[in-house]
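Everything on this sheet refers to the single structure shown next.
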Amino acid sequence: MLQAVLFDLDDTLLGNSMGRFMPAYFDLISRYAHEVMERQRFLHELIACTDVVVASTDSARTNREVFWQAFQQRNGLDPAELEPFFHHFYLTEFGQLQAVTEYRPKAVSLVRTCFQLGLQVVIATNPLFPRPAIEQRLAWAGVPVSEFAYALVTTYENMHATKPHHAYYREILQQIGCAPQQAIMVGDDWQQDIVPAAEVGMWTYWLPPDGEHVRDSLPYPTRWGTLDDLYELVQAGWLQELGKSAA
(Lines give C-alpha, C1' and ligand atoms only; values in the text may rest on other atoms or scores of the structure.)
Protein backbone atom coordinates (compact mmCIF):
# COMPACT_ATOMS: atom_id res chain seq x y z
CA MET A 1 0.00 0.00 0.00
CA LEU A 2 1.04 3.61 -0.50
CA GLN A 3 2.72 4.93 2.63
CA ALA A 4 4.23 8.33 1.83
CA VAL A 5 3.72 11.49 -0.20
CA LEU A 6 6.75 13.69 -0.91
CA PHE A 7 5.98 17.31 -1.79
CA ASP A 8 8.39 19.70 -3.39
CA LEU A 9 7.94 23.18 -1.92
CA ASP A 10 8.80 26.00 -4.34
CA ASP A 11 6.35 26.26 -7.24
CA THR A 12 4.55 23.22 -5.87
CA LEU A 13 3.00 23.96 -2.46
CA LEU A 14 4.15 27.58 -2.65
CA GLY A 15 4.07 29.78 -5.71
CA ASN A 16 7.74 30.74 -5.85
CA SER A 17 9.46 31.17 -9.17
CA MET A 18 13.22 30.87 -8.75
CA GLY A 19 13.56 33.46 -11.51
CA ARG A 20 12.07 36.04 -9.13
CA PHE A 21 13.06 34.61 -5.77
CA MET A 22 16.78 34.03 -6.25
CA PRO A 23 17.69 37.57 -7.45
CA ALA A 24 15.74 39.00 -4.51
CA TYR A 25 17.40 36.56 -2.11
CA PHE A 26 20.89 37.27 -3.44
CA ASP A 27 20.32 41.01 -3.14
CA LEU A 28 19.01 40.73 0.42
CA ILE A 29 21.68 38.38 1.78
CA SER A 30 24.59 40.13 0.06
CA ARG A 31 23.54 43.47 1.56
CA TYR A 32 23.35 41.81 4.97
CA ALA A 33 26.76 40.15 4.48
CA HIS A 34 28.63 43.33 3.57
CA GLU A 35 29.96 43.50 7.15
CA VAL A 36 32.08 40.41 6.53
CA MET A 37 32.70 40.48 2.77
CA GLU A 38 32.26 42.76 -0.23
CA ARG A 39 28.90 42.03 -1.87
CA GLN A 40 29.99 40.72 -5.25
CA ARG A 41 32.73 38.58 -3.75
CA PHE A 42 30.27 37.17 -1.23
CA LEU A 43 27.79 36.22 -3.95
CA HIS A 44 30.57 34.53 -5.91
CA GLU A 45 31.59 32.54 -2.85
CA LEU A 46 28.02 31.69 -1.91
CA ILE A 47 27.33 30.28 -5.37
CA ALA A 48 30.69 28.47 -5.57
CA CYS A 49 30.21 26.76 -2.19
CA THR A 50 26.62 25.87 -3.04
CA ASP A 51 27.91 24.23 -6.22
CA VAL A 52 30.24 22.13 -4.03
CA VAL A 53 27.21 20.99 -2.03
CA VAL A 54 25.23 20.13 -5.16
CA ALA A 55 28.10 17.98 -6.43
CA SER A 56 28.50 16.11 -3.14
CA THR A 57 26.91 12.80 -2.15
CA ASP A 58 29.26 12.19 0.78
CA SER A 59 27.18 10.20 3.25
CA ALA A 60 29.61 11.10 6.05
CA ARG A 61 28.99 14.87 5.77
CA THR A 62 25.72 16.78 5.81
CA ASN A 63 25.13 19.46 3.20
CA ARG A 64 25.65 22.02 5.94
CA GLU A 65 29.06 20.57 6.78
CA VAL A 66 30.07 20.44 3.11
CA PHE A 67 29.04 24.09 2.60
CA TRP A 68 30.87 25.52 5.60
CA GLN A 69 33.98 23.44 5.07
CA ALA A 70 34.16 24.73 1.50
CA PHE A 71 33.55 28.30 2.65
CA GLN A 72 36.30 28.07 5.25
CA GLN A 73 38.78 26.51 2.84
CA ARG A 74 38.12 29.16 0.20
CA ASN A 75 38.03 32.20 2.50
CA GLY A 76 39.78 31.34 5.75
CA LEU A 77 36.78 32.49 7.78
CA ASP A 78 35.63 30.63 10.88
CA PRO A 79 32.20 28.98 10.48
CA ALA A 80 31.76 29.10 14.25
CA GLU A 81 31.51 32.88 13.92
CA LEU A 82 29.74 33.09 10.57
CA GLU A 83 26.94 30.59 11.15
CA PRO A 84 25.35 32.55 14.02
CA PHE A 85 25.69 35.73 11.95
CA PHE A 86 23.76 34.22 9.05
CA HIS A 87 21.33 32.40 11.32
CA HIS A 88 20.30 35.86 12.51
CA PHE A 89 19.72 36.86 8.87
CA TYR A 90 17.27 34.01 8.36
CA LEU A 91 15.43 34.85 11.56
CA THR A 92 15.19 38.61 10.99
CA GLU A 93 15.60 39.46 7.29
CA PHE A 94 14.60 36.44 5.21
CA GLY A 95 10.89 37.03 5.84
CA GLN A 96 10.95 40.04 3.50
CA LEU A 97 11.06 37.59 0.61
CA GLN A 98 7.49 36.45 1.22
CA ALA A 99 6.49 39.38 -1.00
CA VAL A 100 7.83 37.60 -4.10
CA THR A 101 5.94 34.36 -3.36
CA GLU A 102 2.32 33.40 -3.92
CA TYR A 103 0.00 31.54 -1.57
CA ARG A 104 -1.74 28.54 -3.15
CA PRO A 105 -4.97 27.85 -1.23
CA LYS A 106 -5.31 24.25 -2.38
CA ALA A 107 -1.94 23.33 -0.83
CA VAL A 108 -3.38 23.41 2.68
CA SER A 109 -6.34 21.20 1.78
CA LEU A 110 -4.12 18.76 -0.08
CA VAL A 111 -1.58 18.37 2.72
CA ARG A 112 -4.32 18.03 5.33
CA THR A 113 -6.06 15.34 3.28
CA CYS A 114 -2.86 13.34 2.98
CA PHE A 115 -2.51 13.35 6.75
CA GLN A 116 -6.15 12.32 7.13
CA LEU A 117 -5.44 9.34 4.87
CA GLY A 118 -2.76 8.22 7.33
CA LEU A 119 0.12 8.86 4.94
CA GLN A 120 3.58 10.02 5.91
CA VAL A 121 4.06 13.49 4.46
CA VAL A 122 7.54 14.66 3.54
CA ILE A 123 8.58 18.14 2.47
CA ALA A 124 11.12 17.21 -0.18
CA THR A 125 12.53 20.63 -1.00
CA ASN A 126 16.07 20.87 -2.33
CA PRO A 127 18.13 20.92 0.92
CA LEU A 128 20.35 23.89 0.19
CA PHE A 129 18.89 26.21 2.84
CA PRO A 130 19.02 26.04 6.64
CA ARG A 131 15.87 24.95 8.43
CA PRO A 132 14.61 28.46 9.39
CA ALA A 133 14.45 29.45 5.71
CA ILE A 134 12.46 26.35 4.83
CA GLU A 135 10.14 26.60 7.82
CA GLN A 136 9.30 30.17 6.86
CA ARG A 137 8.46 29.18 3.28
CA LEU A 138 6.20 26.43 4.63
CA ALA A 139 4.46 29.05 6.77
CA TRP A 140 4.02 31.30 3.72
CA ALA A 141 2.40 28.33 1.98
CA GLY A 142 -0.02 27.92 4.89
CA VAL A 143 1.38 24.53 5.91
CA PRO A 144 3.73 25.36 8.83
CA VAL A 145 5.59 22.79 10.90
CA SER A 146 3.67 24.05 13.93
CA GLU A 147 0.45 22.65 12.47
CA PHE A 148 1.57 19.57 10.53
CA ALA A 149 3.62 16.68 11.91
CA TYR A 150 5.75 16.00 8.84
CA ALA A 151 7.64 12.74 8.72
CA LEU A 152 10.62 14.72 7.39
CA VAL A 153 11.46 18.20 6.16
CA THR A 154 14.66 18.05 4.15
CA THR A 155 17.13 20.83 5.03
CA TYR A 156 20.84 21.35 4.62
CA GLU A 157 21.31 20.24 8.24
CA ASN A 158 19.76 16.78 7.89
CA MET A 159 20.57 15.65 4.33
CA HIS A 160 23.74 14.37 2.67
CA ALA A 161 22.81 14.98 -0.99
CA THR A 162 20.66 17.30 -3.08
CA LYS A 163 18.37 17.07 -6.07
CA PRO A 164 18.67 15.59 -8.65
CA HIS A 165 20.88 12.87 -7.13
CA HIS A 166 19.26 9.49 -6.61
CA ALA A 167 21.02 9.51 -3.22
CA TYR A 168 18.75 12.35 -2.07
CA TYR A 169 15.57 10.36 -2.72
CA ARG A 170 17.02 7.14 -1.35
CA GLU A 171 18.04 8.92 1.84
CA ILE A 172 14.48 10.22 2.32
CA LEU A 173 13.03 6.75 1.85
CA GLN A 174 15.54 5.29 4.27
CA GLN A 175 14.80 7.91 6.90
CA ILE A 176 11.04 7.31 6.76
CA GLY A 177 11.31 3.53 6.35
CA CYS A 178 9.47 3.36 3.04
CA ALA A 179 10.05 1.34 -0.12
CA PRO A 180 10.17 3.33 -3.38
CA GLN A 181 7.02 1.76 -4.81
CA GLN A 182 5.14 2.82 -1.68
CA ALA A 183 5.85 6.53 -2.16
CA ILE A 184 4.90 9.27 -4.61
CA MET A 185 6.86 12.43 -5.42
CA VAL A 186 4.91 15.59 -6.30
CA GLY A 187 6.86 18.40 -7.94
CA ASP A 188 7.09 20.95 -10.73
CA ASP A 189 10.65 20.42 -11.92
CA TRP A 190 11.04 17.66 -14.50
CA GLN A 191 14.79 17.13 -14.02
CA GLN A 192 14.96 17.75 -10.27
CA ASP A 193 11.75 16.13 -9.06
CA ILE A 194 10.26 13.74 -11.59
CA VAL A 195 13.12 11.99 -13.37
CA PRO A 196 15.24 11.02 -10.34
CA ALA A 197 12.26 10.02 -8.20
CA ALA A 198 10.91 7.81 -10.98
CA GLU A 199 14.33 6.30 -11.60
CA VAL A 200 14.58 5.12 -7.99
CA GLY A 201 11.17 3.46 -8.36
CA MET A 202 8.71 6.02 -6.94
CA TRP A 203 5.36 7.07 -8.33
CA THR A 204 5.32 10.69 -9.54
CA TYR A 205 2.93 13.56 -10.14
CA TRP A 206 4.22 16.41 -12.28
CA LEU A 207 3.01 20.02 -12.14
CA PRO A 208 4.27 21.42 -15.47
CA PRO A 209 5.39 25.07 -15.25
CA ASP A 210 3.25 27.58 -17.13
CA GLY A 211 3.92 27.36 -20.83
CA GLU A 212 5.76 24.04 -20.61
CA HIS A 213 4.83 21.72 -23.46
CA VAL A 214 3.47 18.38 -22.28
CA ARG A 215 3.97 15.52 -24.66
CA ASP A 216 1.19 13.02 -25.36
CA SER A 217 3.34 10.20 -23.98
CA LEU A 218 5.53 10.80 -20.94
CA PRO A 219 8.15 8.27 -19.84
CA TYR A 220 7.99 8.97 -16.12
CA PRO A 221 5.02 10.74 -14.51
CA THR A 222 2.21 8.60 -13.18
CA ARG A 223 -0.02 11.63 -13.77
CA TRP A 224 0.38 15.33 -14.44
CA GLY A 225 -1.72 18.44 -13.94
CA THR A 226 -2.27 21.31 -11.53
CA LEU A 227 -2.28 21.26 -7.74
CA ASP A 228 -6.08 21.60 -7.90
CA ASP A 229 -6.23 18.58 -10.23
CA LEU A 230 -4.17 16.57 -7.77
CA TYR A 231 -6.46 17.51 -4.91
CA GLU A 232 -9.47 16.28 -6.87
CA LEU A 233 -7.66 13.01 -7.65
CA VAL A 234 -6.78 12.51 -3.99
CA GLN A 235 -10.37 13.22 -2.96
CA ALA A 236 -11.53 10.64 -5.51
CA GLY A 237 -9.29 7.94 -4.01
CA TRP A 238 -6.43 7.96 -6.51
CA LEU A 239 -3.69 7.48 -3.91
CA GLN A 240 -5.46 4.43 -2.52
CA GLU A 241 -5.63 3.02 -6.05
CA LEU A 242 -1.88 3.56 -6.43
CA GLY A 243 -1.46 1.74 -3.15
CA LYS A 244 -3.27 -1.29 -4.52
CA SER A 245 -0.95 -1.28 -7.53
CA ALA A 246 2.07 -1.15 -5.19
CA ALA A 247 0.87 -4.01 -3.02
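Order determines the names: the first chain of the C-alpha coordinates is A, the second B, and so forth; residues in each chain are numbered 1 upward, and ligands are numbered 1 upward as they are shown.
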
- region 21-28 of chain A: which residues within 12 Å, counting only C-alpha atoms, same-chain residues fewer than 3 positions away excluded, as an MDAnalysis selection string? chainID A and resid 10:11 14:18 31:34 39:47 86 89:90 92:102 129 133 137

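The shell of residues at most 12 Å from Gln116 (chain A), with only C-alpha atoms counted and near chain neighbours (fewer than 6 positions) removed, consists of Ser109, Leu110, Phe148, Ala149, Val234 and Gln235 of chain A.
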
- Message: Please return, as a PyMOL selection string, all residues of region 86-115 of chain A that DSSP assigns to alpha helix (DSSP H) on the basis of the backbone.
- Response: chain A and resi 86-92+105-115

Please write the residues from the selection above to a file, keeping N, CA and C atoms, as a PDB file, in the first residue's frame.
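Just written: out_29.pdb:
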```
ATOM      1  N   PHE A  86      24.737  34.460  10.110  1.00  0.00           N
ATOM      2  CA  PHE A  86      23.758  34.224   9.049  1.00  0.00           C
ATOM      3  C   PHE A  86      22.468  33.613   9.583  1.00  0.00           C
ATOM      4  N   HIS A  87      22.550  32.890  10.693  1.00  0.00           N
ATOM      5  CA  HIS A  87      21.328  32.398  11.324  1.00  0.00           C
ATOM      6  C   HIS A  87      20.436  33.587  11.694  1.00  0.00           C
ATOM      7  N   HIS A  88      21.047  34.650  12.170  1.00  0.00           N
ATOM      8  CA  HIS A  88      20.297  35.863  12.506  1.00  0.00           C
ATOM      9  C   HIS A  88      19.634  36.450  11.263  1.00  0.00           C
ATOM     10  N   PHE A  89      20.308  36.383  10.124  1.00  0.00           N
ATOM     11  CA  PHE A  89      19.716  36.858   8.867  1.00  0.00           C
ATOM     12  C   PHE A  89      18.421  36.115   8.564  1.00  0.00           C
ATOM     13  N   TYR A  90      18.463  34.785   8.684  1.00  0.00           N
ATOM     14  CA  TYR A  90      17.266  34.009   8.355  1.00  0.00           C
ATOM     15  C   TYR A  90      16.127  34.272   9.340  1.00  0.00           C
ATOM     16  N   LEU A  91      16.459  34.577  10.567  1.00  0.00           N
ATOM     17  CA  LEU A  91      15.430  34.852  11.561  1.00  0.00           C
ATOM     18  C   LEU A  91      14.842  36.252  11.434  1.00  0.00           C
ATOM     19  N   THR A  92      15.629  37.205  10.949  1.00  0.00           N
ATOM     20  CA  THR A  92      15.188  38.606  10.994  1.00  0.00           C
ATOM     21  C   THR A  92      14.971  39.255   9.627  1.00  0.00           C
ATOM     22  N   PRO A 105      -3.987  28.332  -2.206  1.00  0.00           N
ATOM     23  CA  PRO A 105      -4.966  27.848  -1.227  1.00  0.00           C
ATOM     24  C   PRO A 105      -5.134  26.336  -1.193  1.00  0.00           C
ATOM     25  N   LYS A 106      -5.049  25.683  -2.347  1.00  0.00           N
ATOM     26  CA  LYS A 106      -5.306  24.246  -2.377  1.00  0.00           C
ATOM     27  C   LYS A 106      -4.205  23.447  -1.689  1.00  0.00           C
ATOM     28  N   ALA A 107      -3.043  24.053  -1.475  1.00  0.00           N
ATOM     29  CA  ALA A 107      -1.942  23.333  -0.832  1.00  0.00           C
ATOM     30  C   ALA A 107      -2.327  22.886   0.571  1.00  0.00           C
ATOM     31  N   VAL A 108      -3.004  23.736   1.307  1.00  0.00           N
ATOM     32  CA  VAL A 108      -3.385  23.406   2.683  1.00  0.00           C
ATOM     33  C   VAL A 108      -4.344  22.220   2.691  1.00  0.00           C
ATOM     34  N   SER A 109      -5.358  22.281   1.838  1.00  0.00           N
ATOM     35  CA  SER A 109      -6.343  21.199   1.781  1.00  0.00           C
ATOM     36  C   SER A 109      -5.701  19.886   1.361  1.00  0.00           C
ATOM     37  N   LEU A 110      -4.771  19.969   0.415  1.00  0.00           N
ATOM     38  CA  LEU A 110      -4.116  18.762  -0.081  1.00  0.00           C
ATOM     39  C   LEU A 110      -3.251  18.113   0.993  1.00  0.00           C
ATOM     40  N   VAL A 111      -2.446  18.913   1.668  1.00  0.00           N
ATOM     41  CA  VAL A 111      -1.582  18.370   2.722  1.00  0.00           C
ATOM     42  C   VAL A 111      -2.437  17.797   3.856  1.00  0.00           C
ATOM     43  N   ARG A 112      -3.462  18.512   4.236  1.00  0.00           N
ATOM     44  CA  ARG A 112      -4.325  18.032   5.326  1.00  0.00           C
ATOM     45  C   ARG A 112      -4.987  16.707   4.951  1.00  0.00           C
ATOM     46  N   THR A 113      -5.425  16.582   3.721  1.00  0.00           N
ATOM     47  CA  THR A 113      -6.064  15.342   3.284  1.00  0.00           C
ATOM     48  C   THR A 113      -5.094  14.168   3.317  1.00  0.00           C
ATOM     49  N   CYS A 114      -3.855  14.405   2.936  1.00  0.00           N
ATOM     50  CA  CYS A 114      -2.855  13.340   2.978  1.00  0.00           C
ATOM     51  C   CYS A 114      -2.638  12.841   4.403  1.00  0.00           C
ATOM     52  N   PHE A 115      -2.621  13.754   5.345  1.00  0.00           N
ATOM     53  CA  PHE A 115      -2.511  13.347   6.745  1.00  0.00           C
ATOM     54  C   PHE A 115      -3.743  12.558   7.183  1.00  0.00           C
TER      55      PHE A 115
END
```

- A:Val36, A:Val5, A:Val122, A:Ala55 ranked by distance to Thr162 (chain A), top pick (using only C-alpha atoms): A:Ala55

- Message: What parts of region 1-127 of chain A does DSSP call strand (DSSP E or B)? I'd like the answer as a PyMOL selection string.
- Response: chain A and resi 4-7+10+14-15+102-103+120-123

- For the atom pair CA of Pro132 (chain A) and CA of Pro180 (chain A), what is the interatomic distance in Å to one decimal place?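 Computing the Euclidean distance for CA of Pro132 (chain A) and CA of Pro180 (chain A) yields 28.5 Å.
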
- Task: Would you list the contacts of Leu207 (chain A) as a PyMOL selection string, taking every protein, DNA or RNA residue within 6 Å and counting only C-alpha atoms, but skipping same-chain residues closer than 2 positions in sequence?
- Result: chain A and resi 187-188+224-226

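Residue nearest Ile194 (chain A) within the list A:Tyr169, A:Tyr150, A:Trp68, A:Tyr220: A:Tyr220 [criterion: smallest interatomic distance, only C-alpha atoms].
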
Shell around Pro221 (chain A) at 12 Å using only C-alpha atoms, local window under 3 positions removed, as a PDB file with N, CA and C atoms, in the first residue's frame:
```
ATOM      1  N   ILE A 184       5.098   8.456  -3.416  1.00  0.00           N
ATOM      2  CA  ILE A 184       4.900   9.275  -4.608  1.00  0.00           C
ATOM      3  C   ILE A 184       5.556  10.626  -4.396  1.00  0.00           C
ATOM      4  N   MET A 185       6.226  11.120  -5.436  1.00  0.00           N
ATOM      5  CA  MET A 185       6.859  12.431  -5.423  1.00  0.00           C
ATOM      6  C   MET A 185       6.020  13.399  -6.236  1.00  0.00           C
ATOM      7  N   VAL A 186       5.699  14.543  -5.637  1.00  0.00           N
ATOM      8  CA  VAL A 186       4.913  15.595  -6.297  1.00  0.00           C
ATOM      9  C   VAL A 186       5.809  16.804  -6.479  1.00  0.00           C
ATOM     10  N   GLY A 187       5.992  17.251  -7.714  1.00  0.00           N
ATOM     11  CA  GLY A 187       6.863  18.404  -7.940  1.00  0.00           C
ATOM     12  C   GLY A 187       6.677  19.013  -9.305  1.00  0.00           C
ATOM     13  N   ASP A 188       7.244  20.204  -9.475  1.00  0.00           N
ATOM     14  CA  ASP A 188       7.091  20.948 -10.730  1.00  0.00           C
ATOM     15  C   ASP A 188       8.289  20.818 -11.658  1.00  0.00           C
ATOM     16  N   ASP A 189       9.427  20.408 -11.122  1.00  0.00           N
ATOM     17  CA  ASP A 189      10.654  20.416 -11.925  1.00  0.00           C
ATOM     18  C   ASP A 189      10.917  19.025 -12.501  1.00  0.00           C
ATOM     19  N   TRP A 190      10.895  18.949 -13.814  1.00  0.00           N
ATOM     20  CA  TRP A 190      11.045  17.656 -14.499  1.00  0.00           C
ATOM     21  C   TRP A 190      12.359  16.974 -14.149  1.00  0.00           C
ATOM     22  N   GLN A 191      13.464  17.720 -14.232  1.00  0.00           N
ATOM     23  CA  GLN A 191      14.786  17.126 -14.024  1.00  0.00           C
ATOM     24  C   GLN A 191      15.118  16.938 -12.547  1.00  0.00           C
ATOM     25  N   ASP A 193      12.753  16.845  -9.836  1.00  0.00           N
ATOM     26  CA  ASP A 193      11.746  16.125  -9.057  1.00  0.00           C
ATOM     27  C   ASP A 193      11.310  14.807  -9.699  1.00  0.00           C
ATOM     28  N   ILE A 194      10.948  14.869 -10.967  1.00  0.00           N
ATOM     29  CA  ILE A 194      10.264  13.736 -11.587  1.00  0.00           C
ATOM     30  C   ILE A 194      11.220  12.637 -12.031  1.00  0.00           C
ATOM     31  N   VAL A 195      12.213  13.001 -12.828  1.00  0.00           N
ATOM     32  CA  VAL A 195      13.116  11.986 -13.374  1.00  0.00           C
ATOM     33  C   VAL A 195      13.825  11.188 -12.277  1.00  0.00           C
ATOM     34  N   PRO A 196      14.518  11.826 -11.331  1.00  0.00           N
ATOM     35  CA  PRO A 196      15.244  11.021 -10.344  1.00  0.00           C
ATOM     36  C   PRO A 196      14.326  10.211  -9.437  1.00  0.00           C
ATOM     37  N   ALA A 197      13.178  10.775  -9.054  1.00  0.00           N
ATOM     38  CA  ALA A 197      12.259  10.017  -8.200  1.00  0.00           C
ATOM     39  C   ALA A 197      11.741   8.781  -8.928  1.00  0.00           C
ATOM     40  N   ALA A 198      11.385   8.950 -10.202  1.00  0.00           N
ATOM     41  CA  ALA A 198      10.910   7.805 -10.983  1.00  0.00           C
ATOM     42  C   ALA A 198      12.010   6.766 -11.165  1.00  0.00           C
ATOM     43  N   GLU A 199      13.226   7.236 -11.358  1.00  0.00           N
ATOM     44  CA  GLU A 199      14.329   6.303 -11.598  1.00  0.00           C
ATOM     45  C   GLU A 199      14.687   5.467 -10.370  1.00  0.00           C
ATOM     46  N   GLY A 201      12.297   4.371  -8.489  1.00  0.00           N
ATOM     47  CA  GLY A 201      11.166   3.463  -8.359  1.00  0.00           C
ATOM     48  C   GLY A 201       9.918   4.043  -7.732  1.00  0.00           C
ATOM     49  N   MET A 202       9.861   5.381  -7.559  1.00  0.00           N
ATOM     50  CA  MET A 202       8.710   6.018  -6.940  1.00  0.00           C
ATOM     51  C   MET A 202       7.649   6.367  -7.981  1.00  0.00           C
ATOM     52  N   TRP A 203       6.402   6.464  -7.520  1.00  0.00           N
ATOM     53  CA  TRP A 203       5.365   7.074  -8.330  1.00  0.00           C
ATOM     54  C   TRP A 203       5.646   8.575  -8.400  1.00  0.00           C
ATOM     55  N   THR A 204       5.090   9.243  -9.413  1.00  0.00           N
ATOM     56  CA  THR A 204       5.323  10.687  -9.543  1.00  0.00           C
ATOM     57  C   THR A 204       4.073  11.399 -10.027  1.00  0.00           C
ATOM     58  N   TYR A 205       3.959  12.658  -9.621  1.00  0.00           N
ATOM     59  CA  TYR A 205       2.930  13.557 -10.138  1.00  0.00           C
ATOM     60  C   TYR A 205       3.617  14.859 -10.496  1.00  0.00           C
ATOM     61  N   TRP A 206       3.504  15.251 -11.761  1.00  0.00           N
ATOM     62  CA  TRP A 206       4.220  16.411 -12.285  1.00  0.00           C
ATOM     63  C   TRP A 206       3.279  17.597 -12.441  1.00  0.00           C
ATOM     64  N   LEU A 207       3.716  18.757 -11.941  1.00  0.00           N
ATOM     65  CA  LEU A 207       3.009  20.021 -12.143  1.00  0.00           C
ATOM     66  C   LEU A 207       3.808  20.821 -13.177  1.00  0.00           C
ATOM     67  N   PRO A 208       3.488  20.716 -14.454  1.00  0.00           N
ATOM     68  CA  PRO A 208       4.274  21.420 -15.468  1.00  0.00           C
ATOM     69  C   PRO A 208       4.228  22.926 -15.264  1.00  0.00           C
ATOM     70  N   VAL A 214       3.632  19.736 -22.791  1.00  0.00           N
ATOM     71  CA  VAL A 214       3.474  18.380 -22.279  1.00  0.00           C
ATOM     72  C   VAL A 214       3.238  17.445 -23.448  1.00  0.00           C
ATOM     73  N   ARG A 215       4.108  16.477 -23.573  1.00  0.00           N
ATOM     74  CA  ARG A 215       3.975  15.515 -24.665  1.00  0.00           C
ATOM     75  C   ARG A 215       2.810  14.570 -24.408  1.00  0.00           C
ATOM     76  N   ASP A 216       2.305  13.957 -25.497  1.00  0.00           N
ATOM     77  CA  ASP A 216       1.192  13.018 -25.361  1.00  0.00           C
ATOM     78  C   ASP A 216       1.609  11.798 -24.536  1.00  0.00           C
ATOM     79  N   SER A 217       2.849  11.370 -24.704  1.00  0.00           N
ATOM     80  CA  SER A 217       3.339  10.200 -23.983  1.00  0.00           C
ATOM     81  C   SER A 217       4.550  10.601 -23.152  1.00  0.00           C
ATOM     82  N   LEU A 218       4.451  10.423 -21.842  1.00  0.00           N
ATOM     83  CA  LEU A 218       5.526  10.802 -20.935  1.00  0.00           C
ATOM     84  C   LEU A 218       6.155   9.545 -20.340  1.00  0.00           C
ATOM     85  N   TRP A 224      -0.071  13.944 -14.470  1.00  0.00           N
ATOM     86  CA  TRP A 224       0.378  15.325 -14.444  1.00  0.00           C
ATOM     87  C   TRP A 224      -0.831  16.242 -14.461  1.00  0.00           C
ATOM     88  N   GLY A 225      -0.643  17.470 -13.962  1.00  0.00           N
ATOM     89  CA  GLY A 225      -1.721  18.442 -13.936  1.00  0.00           C
ATOM     90  C   GLY A 225      -1.411  19.537 -12.931  1.00  0.00           C
TER      91      GLY A 225
END
```

- Compile the contact shell of Met159 (chain A) as a VMD selection string: residues with an atom at most 6 Å away, counting only C-alpha atoms, same-chain residues fewer than 2 positions apart removed. chain A and resid 62 156 161
